[in-house]
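Peer 1: Below: one structure in structure tokens.
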Amino acid sequence: MTHLADLPAWAQLLASFFILVGAVVTLIGAVGLLTLRSFYDRIHVPTLGSTWGAGGILLASIIIFSVLQSRPVLHEVLIAIFVTVTMPVVLMLLGRAALYRDRTEGVETVPPMEAVSGLPENAANEADGQ
Amino acid sequence: MSATILIWSVTIAHVLLAVAMVCQAIRFIRGPRAQDRVVAFDAFYISSMLLLLTFGIRTGTTLYFEAALVISLIGFVSTVALAKFLMRGEVIE
């Protein structure tokens, strides 16, 4: 851990702040995952870890390694882009799958198919192959 | 200047992320349905990736970043596969 002692004070303070922000935001998301009531509430909370949770820790890592090696170290940006791009895709797929499962089982709390079908009806016909 | 503040904040971040992973593991065990477990798994691999990144900051090696990148890649693919399985009942059609 001697490499961290070479950092200047401003980089240490900035990196500590970002690390703590990232960890605390991730913990808030995890507590929300434990305490929220329904699935459709809980599907929102992984985004906390994937936006500011990952963002804070990756920013701190960029600051520390850029100052230590005195050149911009940017391969953390790859992880940040990947996590922030893929998380909405995953949650949208999961939400649609859960809605489909709830509708086929006839759960009362989700809106039925008719309530959403303000869509033009020829869209359904085109999907049938006409 | 010694790195006391940074070392302490990395240690606190380790503890907080471990507590977060415990919360997500409890949700993973408790369920109640399959989609809850998949969401818990999704949050769990993000937290484990962040824990590996803080390990990388602590030790100063770049080995942990490749591990974190691989975890994020495979976690995305596996969660998409699980969501597709929940939707259709099969992964590859």
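As shown in the structure tokens, the chain order sets the letters A, B, ...; within each chain, residues go from 1, and ligands are also counted from 1 in the order they appear.
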Using only C-alpha atoms, find each residue in chain B having at least one atom no more than 7 Å away from chain A; report its shortest atom-to-atom pair and that distance in Å (one decimal), rows by chain then rising number, as CSV.

Peer 2:
residue,atom,partner,partner_atom,distance
B:Met1,CA,A:Ala5,CA,6.5
B:Ser2,CA,A:Ala5,CA,4.9
B:Ala3,CA,A:Ala5,CA,4.7
B:Ile5,CA,A:Ser16,CA,7.0
B:Leu6,CA,A:Ser16,CA,5.2
B:Ser9,CA,A:Ser16,CA,5.6
B:Val10,CA,A:Ile19,CA,6.8
B:Ala13,CA,A:Ala23,CA,5.3
B:Leu16,CA,A:Ala23,CA,6.0
B:Leu17,CA,A:Ala23,CA,5.9
B:Ala20,CA,A:Leu27,CA,4.8
B:Cys23,CA,A:Ala30,CA,5.7
B:Gln24,CA,A:Ala30,CA,5.9
B:Arg27,CA,A:Leu34,CA,5.9
B:Gln35,CA,A:Ala98,CA,6.3
B:Asp36,CA,A:Phe39,CA,6.3
B:Val39,CA,A:Ile43,CA,6.4
B:Ala43,CA,A:Pro46,CA,4.9
B:Ile46,CA,A:Gly49,CA,6.6
B:Ser47,CA,A:Gly49,CA,6.9
B:Leu50,CA,A:Ala54,CA,6.4
B:Ile57,CA,A:Ser61,CA,6.2
B:Arg58,CA,A:Met1,CA,6.4
B:Thr59,CA,A:Met1,CA,6.0
B:Gly60,CA,A:His3,CA,6.9
B:Leu69,CA,A:Ile79,CA,5.8
B:Ser72,CA,A:Val83,CA,6.7
B:Phe76,CA,A:Thr86,CA,6.7
B:Thr79,CA,A:Val90,CA,6.7
B:Val80,CA,A:Val90,CA,5.9
B:Ala83,CA,A:Leu94,CA,5.1
B:Leu86,CA,A:Ala97,CA,5.9
B:Met87,CA,A:Ala97,CA,4.5

Peer 1: What residues in chain A get the DSSP label helix (DSSP H, G or I)? Please answer as JSON, numbers by chain.

Peer 2: {"A": [2, 3, 4, 5, 6, 9, 10, 11, 12, 13, 14, 15, 16, 17, 18, 19, 20, 21, 22, 23, 24, 25, 26, 27, 28, 29, 30, 31, 32, 33, 34, 35, 39, 40, 41, 42, 46, 47, 48, 49, 50, 51, 52, 53, 54, 55, 56, 57, 58, 59, 60, 61, 62, 63, 64, 65, 66, 67, 68, 69, 75, 76, 77, 78, 79, 80, 81, 82, 83, 84, 85, 86, 87, 88, 89, 90, 91, 92, 93, 94, 95, 96, 97, 98, 99, 100, 101, 102, 103, 104, 113, 114, 115, 116, 121, 122, 123, 124, 125, 126, 127]}

Peer 1: Which distance in Å separates CA of Ala40 in chain B and CA of Val22 in chain B, to one decimal?

Peer 2: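 Interatomic distance, CA of Ala40 in chain B to CA of Val22 in chain B: 10.6 Å.
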
Peer 1: Which distance in Å separates CA of Leu51 in chain B and CA of Trp8 in chain B, to one decimal?

Peer 2: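 The value is 14.9 Å.
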
Peer 1: Distance CA of Val67 in chain A-CA of Val70 in chain B, one decimal place?

Peer 2: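 These two atoms are separated by 25.3 Å.
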
Peer 1: Excluding Ala68 in chain B and any residue of its chain fewer than 5 positions from it, enumerate the residues within 7 Å of it, using only C-alpha atoms, and give them as a list in words.

Peer 2: Met49, Leu52 and Leu53 of chain B

Peer 1: Would you mind exporting the chosen residues as a PDB file, in the first residue's frame, restricted to C-alpha atoms?

Peer 2:
ATOM      1  CA  MET B  49     -17.337  -5.605  -9.679  1.00  0.00           C
ATOM      2  CA  LEU B  52     -12.870  -5.715  -7.144  1.00  0.00           C
ATOM      3  CA  LEU B  53     -12.200  -2.154  -8.321  1.00  0.00           C
TER       4      LEU B  53
END

Peer 1: For Val73 in chain A, which residue out of B:Thr54, B:Val38, B:Arg30, B:Thr62 is the nearest one, using only C-alpha atoms?

Peer 2: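 Between B:Thr54, B:Val38, B:Arg30, B:Thr62, the residue approaching Val73 in chain A most closely is B:Thr62.
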
Peer 1: For each of B:Ile29, B:Leu73, B:Leu63, B:Ala18, take the minimum atom-to-atom distance to Ser48 in chain B, counting only C-alpha atoms, then give the residue where this is smallest.

Peer 2: B:Ala18

Peer 1: I'd like the neighbourhood of Phe41 in chain B as a ChimeraX atom specification, where a residue qualifies if any of its atoms comes within 8 Å (using only C-alpha atoms), though same-chain residues fewer than 3 positions away should be ignored.

Peer 2: /B:24-25,28,37-38,44-45
